[in-house]
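Notes follow once the structure below has been shown.
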Amino acid sequence: MHFAGVDIGSTMTKVVLIDKKGNLLSTIKGPTGAEYRQLANEVMRQALEQAGLQIDDISYIVATGYGRLNVPFADRQITELSCHARGVYSLFPNVRTAIDIGGQDAKCMKIHNGRLVDFVMNDKCAAGTGRFLEVTAATLGIRLEDMGDISLKAAKKIQISNLCTIFAQQEVVALLSRGEKLENILAGLHDALAGRVAALARRLGIEPDLVLTGGVAKNTGIVRAMKENLGCEIFVPEEPLLTGALGAAILAKEIYTKAAAVGEALPTKSRRLEKATFFTQEHR
Amino acid sequence: MSDKNKGLNRARQIYSNRSQRARELKAAGKKIIGYPCAYVPLEMLTALDLVAYQTCGDMKEPITEADRALPHSFCPVMRNCLDCALKNKNDFLDGMVTIHSCDPQEKTARVWESYTNYPYFHFIDMPISVRPEALEYFKSQLDDFRKTLEGFTGKKLSTDKINAAIKAHNRQRALVRELYELTKPSPPRISGTELVQVIKALTSLPVAEGNDLLTETLAEVRNRTEGPAKKSARLLIWSSTLDDADVMDVFEAKANVVMNESCGGIRAYRADVKSSADPLEGLANYYLNEITCARTFRQATLGETRKDYARDLRSRFGYLKGIITEWKINGAIMLLVRYCDPFAFEMPSLKDYFNTLGTPNTYIEYDYTTGALAPLRTRVEAFLETIS
């Protein structure tokens with residue numbers, strides 16, 4: 001008896017396979033991309049290969065993330081908010097607040113005993129999301145993954161006054177031409193992003209323990225800036241990208257087990273790994 | 001079997017092609033007067049045999065022309081309304097009545113007037129407060145409106161005519177309330193999406209035709225055997241305007257929307273115009289006091305030195321308590337069209353009020369484009385997951 005969580009985010013696609021005891025069997029991450037969004041089946045195939053399983057071995061599959069409707073073989077769709085909440089709870093049982101900063105949005109979740117009880121999400125604007133960092137990394141000609149460590153060397157933080165991704169980019173160019181040091185600019189950028197997300201989280205109310213997830217949680221500079229902005233300890237999972245897919249897999253297991261306990265047969269989708277077709281009524 | 005030209009089918013047709021009937025009436029010699037907002041006293045148009053036609057935005061239409069005149073960080077509904085006007089989509093209008101219901105409408109009215117060339121244009125300077133002095137001022141504004149209408153039509157707006165129009169519009173309000181009675185059962189007999197289509201059809205038709213449509217729809221819905229399916233939650237949506245079936249579909253994919261407390265729903269139909277010796281007084285009283293839009297300043301404790309937040313909340317939102325009980329609401333959504341400041345500022349207080357009632361609630365913002373539907377779906381579903 002095995003379970004799968006498929007998290008198709010705006011930037012990255014993640015798959016987690018677990019067994020009936022909840023042990024991790026395989027985890028796969030890959031870029032979502034324009035074409036890739038149609039290819040959830042490929043990511044799933046890789047995950048199955050890693051675990052040495054066949055698709056028919058999977059008892060129940062939950063899809064989540066913005067692309068959750070593009071997974072034709074998933075048995076159920078659950079939003080990334082509930083899945084993150086469940087995934088984070090499995091790693092940090094004392095969690096009450098989780099903040100997930102992804103490629104395209106930021107979300108703050110209030111969690112009680114693993115259940116999502118309230119949430120806020122940022123708007124469609126890229127400020128306060130991973131895109132903000134991607135754009136500025138490209139402008140500065142540095143690798144995204146190096147940004148955090150460079151910023152930690154800063155002697156001071158340069159105030160970035162504009163939170164709009166595009167205007168902030170212009171501001172960075174102006175600062176560089178003025179001769180400001182890269183690490184100081186980066187420290188300022190991280191502070192700007194963290195400040196925006198912290199304001200969002202305060203709207204919800206912050207209760208400890210607080211866990212930070214999503215690709216942006218891999219940035220050490222952001223983690224530090226978030227701590228400073230929120231004034232509390234922040235826990236980061238070892239693999240912050242995977243909590244949504246992990247939560248989806250755990251929810252798949254729980255839904256299946258609960259139904260099995262009362263002898264209910266859950267409807268499941270065809271286990272054929274095929275490409276998603278868009279906008280058909282069947283998958284809505 | 002339902003007649004394809006009656007009731008819900010007819011409402012759906014009109015919803016999809018709103019201006020068709022107005023164009024036919026225009027060809028038959030009627031004068032069509034546009035209005036952007038539920039605060040315009042339609043009775044005064046009806047009384048002079050003018051056809052009132054609500055100029056709505058179209059979420060599917062990318063805003064291009066209106067950006068010549070209005071800033072981006074401005075109510076997208078008004079930008080969209082103006083955009084449609086500037087693209088000549090309302091070329092059948094003989095006139096336009098605008099009103100100072102909120103600042104974006106007032107600013108847009110100025111632009112609208114200068115960019116278009118209708119034979120008739122009138123702006124009603126509506127006060128923002130419900131105090132007695134405001135009512136007197138509003139009445140004088142309606143008297144000005146009467147004068148320009150009489151000048152335009154060359155007809156006198158007699159008390160008898162206006163009383164007859166009030167009667168017809170009150171009939172419409174009563175019929176809409178009857179229709180909303182049909183969302184009380186579980187599952188509801190009529191869906192939120194069908195109601196959006198019916199209400200939007202009403203804003204595209206003369207009042208008598210709208211009343212016929214409502215009568216047909218009521219009979220059809222009462223007699224039909226197959227209605228909406230029962231979903232996991234019964235929602236109340238509170239918004240400035242929710243008048244698009246695609247947006248409503250996002251909510252109804254996994255819930256029954258049994259109350260749409262917005263200008264695309266019951267808001268303009270929840271109360272009646274009371275009869276009074278001076279019909280303009282009855283109208284002024286109704287439009288100022290009875291329509292519960294966030295644009296109106298209401299404070300129970302105004303002039304008092306002690307704060308009584310709970311009493312203030314009850315006076316501003318108390319009407320929702322009865323709705324929540326009677327319609328067995330188990331989730332409330334405060335839906336904000338981005339940049340709608342009056343509603344945005346009302347949200348924290350309303351959230352407090354829902355919390356005192358113990359009604360699970362959430363606040364969702366969207367930007368009135370079809371691109372906003374996917375993020376909207378995630379937020380709606382996540383909320384439903386928290387209350388399931």
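Numbering starts fresh at 1 for the residues of each chain in the structure tokens, the chains themselves are lettered A, B, ... in the order given, and ligands are numbered from 1 as they appear.
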Excluding Val135 (chain A) and residues on its chain fewer than 2 positions from it, collect all residues at most 10 Å away from it, counting only C-alpha atoms, and give them as a PDB file with C-alpha atoms, in the first residue's frame.
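Written out: around_34.pdb:
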```pdb
ATOM      1  CA  ALA A 126       5.593  39.384  -7.791  1.00  0.00           C
ATOM      2  CA  GLY A 130      10.610  34.027  -5.393  1.00  0.00           C
ATOM      3  CA  ARG A 131      10.194  35.888  -8.663  1.00  0.00           C
ATOM      4  CA  PHE A 132      11.459  39.035  -6.940  1.00  0.00           C
ATOM      5  CA  LEU A 133      14.729  37.246  -6.150  1.00  0.00           C
ATOM      6  CA  ALA A 137      19.669  37.815  -9.358  1.00  0.00           C
ATOM      7  CA  ALA A 138      19.493  38.057 -13.147  1.00  0.00           C
ATOM      8  CA  THR A 139      20.018  41.822 -13.003  1.00  0.00           C
ATOM      9  CA  LEU A 140      23.015  41.430 -10.734  1.00  0.00           C
ATOM     10  CA  GLY A 141      24.488  38.578 -12.767  1.00  0.00           C
ATOM     11  CA  LEU A 144      20.019  32.605  -7.296  1.00  0.00           C
ATOM     12  CA  THR A 165       9.856  43.984  -8.539  1.00  0.00           C
ATOM     13  CA  ILE A 166      10.445  46.082 -11.615  1.00  0.00           C
ATOM     14  CA  ALA A 168      13.296  47.567  -7.220  1.00  0.00           C
ATOM     15  CA  GLN A 169      15.355  46.256 -10.121  1.00  0.00           C
TER      16      GLN A 169
END
```
Check: which chain B residues lie within 10 Å of chain A using only C-alpha atoms, as a PyMOL selection string: chain B and resi 253+338+360-367+371-372+374-375+377-387
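Distance check against Arg110 (chain B) using only C-alpha atoms: of B:Tyr137, B:Pro132, B:Tyr15, B:Ala69, the minimum falls on B:Ala69.
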List every residue of region 193-378 of chain B that DSSP, applied to the backbone of this structure, places in strand (DSSP E), and write the result as a ChimeraX atom specification. /B:234-239,256-261,331-337,361-366
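Going from CA of Ala34 (chain A) over to CA of Cys125 (chain A), you cover 19.6 Å.
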As a compact mmCIF listing (two decimals) with C-alpha atoms, in the first residue's frame, please: the residues near Val51 (chain B) (cut-off 12 Å, only C-alpha atoms, same-chain neighbours under 5 positions excluded).
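Result file result27.txt:
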```
# COMPACT_ATOMS: atom_id res chain seq x y z
CA SER B 19 -28.02 44.94 -25.00
CA ARG B 21 -33.52 43.96 -25.96
CA ALA B 22 -32.45 47.57 -25.38
CA ARG B 23 -31.52 47.84 -29.06
CA GLU B 24 -34.91 46.42 -30.09
CA LEU B 25 -36.71 48.87 -27.83
CA LYS B 26 -34.63 51.71 -29.21
CA ALA B 28 -39.23 50.76 -31.64
CA GLY B 29 -38.80 54.39 -30.54
CA LYS B 30 -38.05 54.06 -26.84
CA LYS B 31 -35.35 56.11 -25.18
CA ILE B 32 -32.68 54.15 -23.31
CA ILE B 33 -30.91 55.68 -20.33
CA GLY B 34 -27.77 54.13 -18.90
CA TYR B 35 -26.81 54.08 -15.22
CA LEU B 42 -34.85 53.99 -11.59
CA GLU B 43 -38.47 54.76 -10.67
CA MET B 44 -37.99 58.30 -12.00
CA LEU B 45 -36.88 56.95 -15.38
CA THR B 46 -39.64 54.35 -15.55
CA PHE B 92 -27.71 52.75 -28.31
CA LEU B 93 -27.89 54.95 -25.20
CA ASP B 94 -29.86 58.18 -25.34
CA GLY B 95 -28.52 59.31 -22.04
CA MET B 96 -26.66 58.51 -18.91
CA VAL B 97 -27.37 59.13 -15.22
CA ALA B 165 -43.41 53.31 -11.12
CA LEU B 202 -33.33 42.52 -14.84
CA THR B 203 -30.82 45.34 -15.17
CA SER B 204 -31.09 45.06 -18.96
CA LEU B 205 -34.89 45.18 -19.26
CA PRO B 206 -37.79 47.58 -18.66
CA VAL B 207 -39.27 46.88 -15.23
CA ALA B 208 -42.49 45.31 -16.54
CA GLU B 209 -40.57 42.84 -18.73
CA GLY B 210 -38.28 42.09 -15.80
```
Do you know which residues are at most 12 Å from Arg68 (chain B) counting only C-alpha atoms, after dropping those on the same chain fewer than 3 positions away, and could you put them as a list of chain:residue names?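 Once the adjacent positions are removed, what remains is B:Ile63, B:Thr64, B:Glu65, B:Pro71, B:His72, B:Arg79, B:Leu82, B:Asp83, B:Leu86, B:Val111, B:Trp112, B:Tyr115.
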Enumerate, in order of chain and increasing residue number, the residues of region 116-218 of chain B with an atom no farther than 9 Å from region 230-237 of chain B, each with its shortest atom pair and distance in Å to one decimal, counting only C-alpha atoms, as JSON lines.
```
{"residue": "B:Ser186", "atom": "CA", "partner": "B:Lys230", "partner_atom": "CA", "distance": 6.6}
{"residue": "B:Pro187", "atom": "CA", "partner": "B:Lys230", "partner_atom": "CA", "distance": 4.5}
{"residue": "B:Pro188", "atom": "CA", "partner": "B:Lys230", "partner_atom": "CA", "distance": 7.5}
```
Output C-alpha atoms for every residue in that selection, as a compact mmCIF listing (two decimals), in the first residue's frame.
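The resulting part_10.txt:
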```txt
# COMPACT_ATOMS: atom_id res chain seq x y z
CA SER B 186 -30.94 22.33 1.08
CA PRO B 187 -30.04 21.82 -1.70
CA PRO B 188 -31.22 25.24 -2.93
```
I need the residues in region 75-311 of chain B that are helix (DSSP H, G or I) according to DSSP; give them as a ChimeraX atom specification. /B:76-86,103-115,132-153,159-181,192-202,207-223,245-252,267-269,279-290,309-311
Using only C-alpha atoms, please write the residues we just selected to a file, as a CSV table (one decimal), in the first residue's frame.
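Output file result30.csv is given in full below:
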```csv
chain,number,residue,atom,x,y,z
B,76,PRO,CA,-11.4,48.0,-12.4
B,77,VAL,CA,-15.2,47.7,-12.6
B,78,MET,CA,-15.5,51.5,-13.3
B,79,ARG,CA,-12.5,51.3,-15.7
B,80,ASN,CA,-14.1,48.5,-17.5
B,81,CYS,CA,-17.5,50.2,-17.7
B,82,LEU,CA,-15.9,53.3,-19.2
B,83,ASP,CA,-13.8,51.1,-21.5
B,84,CYS,CA,-17.0,49.6,-22.9
B,85,ALA,CA,-18.5,53.0,-23.4
B,86,LEU,CA,-15.4,54.4,-25.1
B,103,ASP,CA,-15.4,58.6,-5.7
B,104,PRO,CA,-14.4,56.3,-8.6
B,105,GLN,CA,-17.9,56.7,-10.0
B,106,GLU,CA,-17.8,60.5,-9.5
B,107,LYS,CA,-14.4,60.8,-11.3
B,108,THR,CA,-15.5,58.3,-14.0
B,109,ALA,CA,-18.7,60.3,-14.5
B,110,ARG,CA,-16.7,63.4,-15.4
B,111,VAL,CA,-14.6,61.5,-17.9
B,112,TRP,CA,-17.6,59.7,-19.3
B,113,GLU,CA,-19.4,63.0,-19.9
B,114,SER,CA,-16.5,64.6,-21.7
B,115,TYR,CA,-15.6,61.7,-23.9
B,132,PRO,CA,-31.4,63.8,8.5
B,133,GLU,CA,-29.7,66.8,6.9
B,134,ALA,CA,-28.2,64.4,4.3
B,135,LEU,CA,-31.7,63.1,3.5
B,136,GLU,CA,-33.0,66.7,2.9
B,137,TYR,CA,-30.0,67.4,0.7
B,138,PHE,CA,-30.5,64.2,-1.3
B,139,LYS,CA,-34.2,65.0,-1.8
B,140,SER,CA,-33.2,68.4,-3.3
B,141,GLN,CA,-30.8,66.5,-5.6
B,142,LEU,CA,-33.6,64.2,-6.7
B,143,ASP,CA,-35.7,67.3,-7.4
B,144,ASP,CA,-32.9,68.6,-9.7
B,145,PHE,CA,-32.9,65.2,-11.4
B,146,ARG,CA,-36.7,65.5,-11.9
B,147,LYS,CA,-36.2,68.9,-13.6
B,148,THR,CA,-33.6,67.7,-16.1
B,149,LEU,CA,-35.6,64.6,-16.9
B,150,GLU,CA,-38.7,66.8,-17.5
B,151,GLY,CA,-36.6,69.0,-19.7
B,152,PHE,CA,-35.3,66.1,-21.7
B,153,THR,CA,-38.6,64.3,-22.2
B,159,THR,CA,-47.1,62.1,-8.5
B,160,ASP,CA,-49.4,59.5,-10.0
B,161,LYS,CA,-46.8,58.4,-12.6
B,162,ILE,CA,-44.0,58.1,-10.1
B,163,ASN,CA,-46.2,56.2,-7.6
B,164,ALA,CA,-47.1,53.8,-10.4
B,165,ALA,CA,-43.4,53.3,-11.1
B,166,ILE,CA,-42.6,52.8,-7.4
B,167,LYS,CA,-45.3,50.1,-7.3
B,168,ALA,CA,-43.8,48.3,-10.3
B,169,HIS,CA,-40.2,48.5,-8.9
B,170,ASN,CA,-41.4,47.3,-5.5
B,171,ARG,CA,-43.1,44.4,-7.2
B,172,GLN,CA,-39.8,43.6,-8.8
B,173,ARG,CA,-38.1,43.7,-5.4
B,174,ALA,CA,-40.7,41.4,-3.9
B,175,LEU,CA,-40.3,38.9,-6.7
B,176,VAL,CA,-36.5,38.9,-6.3
B,177,ARG,CA,-36.9,38.2,-2.6
B,178,GLU,CA,-39.3,35.4,-3.4
B,179,LEU,CA,-36.7,33.9,-5.7
B,180,TYR,CA,-34.1,34.2,-2.9
B,181,GLU,CA,-36.6,32.3,-0.6
B,192,GLY,CA,-26.1,31.3,-7.3
B,193,THR,CA,-25.0,31.3,-11.0
B,194,GLU,CA,-28.7,31.2,-12.2
B,195,LEU,CA,-29.5,34.1,-9.9
B,196,VAL,CA,-26.6,36.1,-11.2
B,197,GLN,CA,-28.0,35.6,-14.7
B,198,VAL,CA,-31.5,36.5,-13.7
B,199,ILE,CA,-30.5,39.7,-11.8
B,200,LYS,CA,-28.3,40.8,-14.6
B,201,ALA,CA,-31.1,40.3,-17.0
B,202,LEU,CA,-33.3,42.5,-14.8
B,207,VAL,CA,-39.3,46.9,-15.2
B,208,ALA,CA,-42.5,45.3,-16.5
B,209,GLU,CA,-40.6,42.8,-18.7
B,210,GLY,CA,-38.3,42.1,-15.8
B,211,ASN,CA,-41.3,41.3,-13.6
B,212,ASP,CA,-42.7,38.9,-16.3
B,213,LEU,CA,-39.3,37.2,-16.4
B,214,LEU,CA,-39.3,36.9,-12.6
B,215,THR,CA,-42.8,35.5,-12.6
B,216,GLU,CA,-41.9,32.9,-15.2
B,217,THR,CA,-38.7,32.0,-13.4
B,218,LEU,CA,-40.4,31.5,-10.1
B,219,ALA,CA,-43.0,29.2,-11.6
B,220,GLU,CA,-40.3,27.2,-13.5
B,221,VAL,CA,-38.0,26.9,-10.4
B,222,ARG,CA,-40.8,25.9,-8.1
B,223,ASN,CA,-42.0,23.2,-10.5
B,245,ALA,CA,-21.4,33.8,-13.8
B,246,ASP,CA,-17.8,32.6,-14.3
B,247,VAL,CA,-16.8,34.1,-11.0
B,248,MET,CA,-19.9,32.6,-9.3
B,249,ASP,CA,-19.0,29.2,-10.9
B,250,VAL,CA,-15.7,29.2,-9.1
B,251,PHE,CA,-17.6,29.4,-5.8
B,252,GLU,CA,-20.3,27.0,-6.8
B,267,ARG,CA,-28.7,44.2,-2.5
B,268,ALA,CA,-30.9,46.5,-4.6
B,269,TYR,CA,-34.0,44.3,-3.8
B,279,PRO,CA,-42.8,60.3,-3.6
B,280,LEU,CA,-39.4,61.9,-3.9
B,281,GLU,CA,-39.1,61.7,-0.1
B,282,GLY,CA,-39.9,57.9,-0.2
B,283,LEU,CA,-37.2,57.4,-2.9
B,284,ALA,CA,-34.6,59.5,-1.1
B,285,ASN,CA,-35.2,57.6,2.1
B,286,TYR,CA,-35.0,54.2,0.3
B,287,TYR,CA,-31.9,54.9,-1.7
B,288,LEU,CA,-30.0,56.6,1.1
B,289,ASN,CA,-30.9,54.3,4.0
B,290,GLU,CA,-31.9,50.9,2.6
B,309,TYR,CA,-17.8,48.9,19.1
B,310,ALA,CA,-20.2,46.0,19.5
B,311,ARG,CA,-23.3,48.3,19.1
```
I'd like the neighbourhood of Ala4 (chain A) as a list in words, where a residue qualifies if any of its atoms comes within 6 Å (using only C-alpha atoms), though same-chain residues fewer than 3 positions away should be ignored. Val16, Leu17, Ile61 and Ala249 of chain A
Give me the residues within 9 Å of region 341-348 of chain B as a count of residues only, counting only C-alpha atoms and dropping any in the same chain fewer than 6 places off. 11
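Between CA of Phe73 (chain A) and CA of Asp56 (chain A) lies a distance of 10.9 Å.
The nearest approach to Ser90 (chain A) among the residues A:Thr13, A:Thr257, A:Thr243, A:Asn219, with only C-alpha atoms taken into account, belongs to A:Thr243.
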Selected residue, from A:Asn41, A:Leu24, A:Gln46, A:Ile55, that lies nearest to Arg271 (chain A) when counting only C-alpha atoms: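 Result for the nearest residue to Arg271 (chain A): A:Ile55.
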Pick from B:Leu302, B:Lys89, B:Ala229, B:Asp308: nearest to Lys254 (chain B), with only C-alpha atoms counted? B:Ala229
Surrounding residues of Ile185 (chain A) excluding itself and chain neighbours under 2 positions, 10 Å, only C-alpha atoms, as a PyMOL selection string: chain A and resi 151+154+156-160+171-172+175-176+180-183+187-191
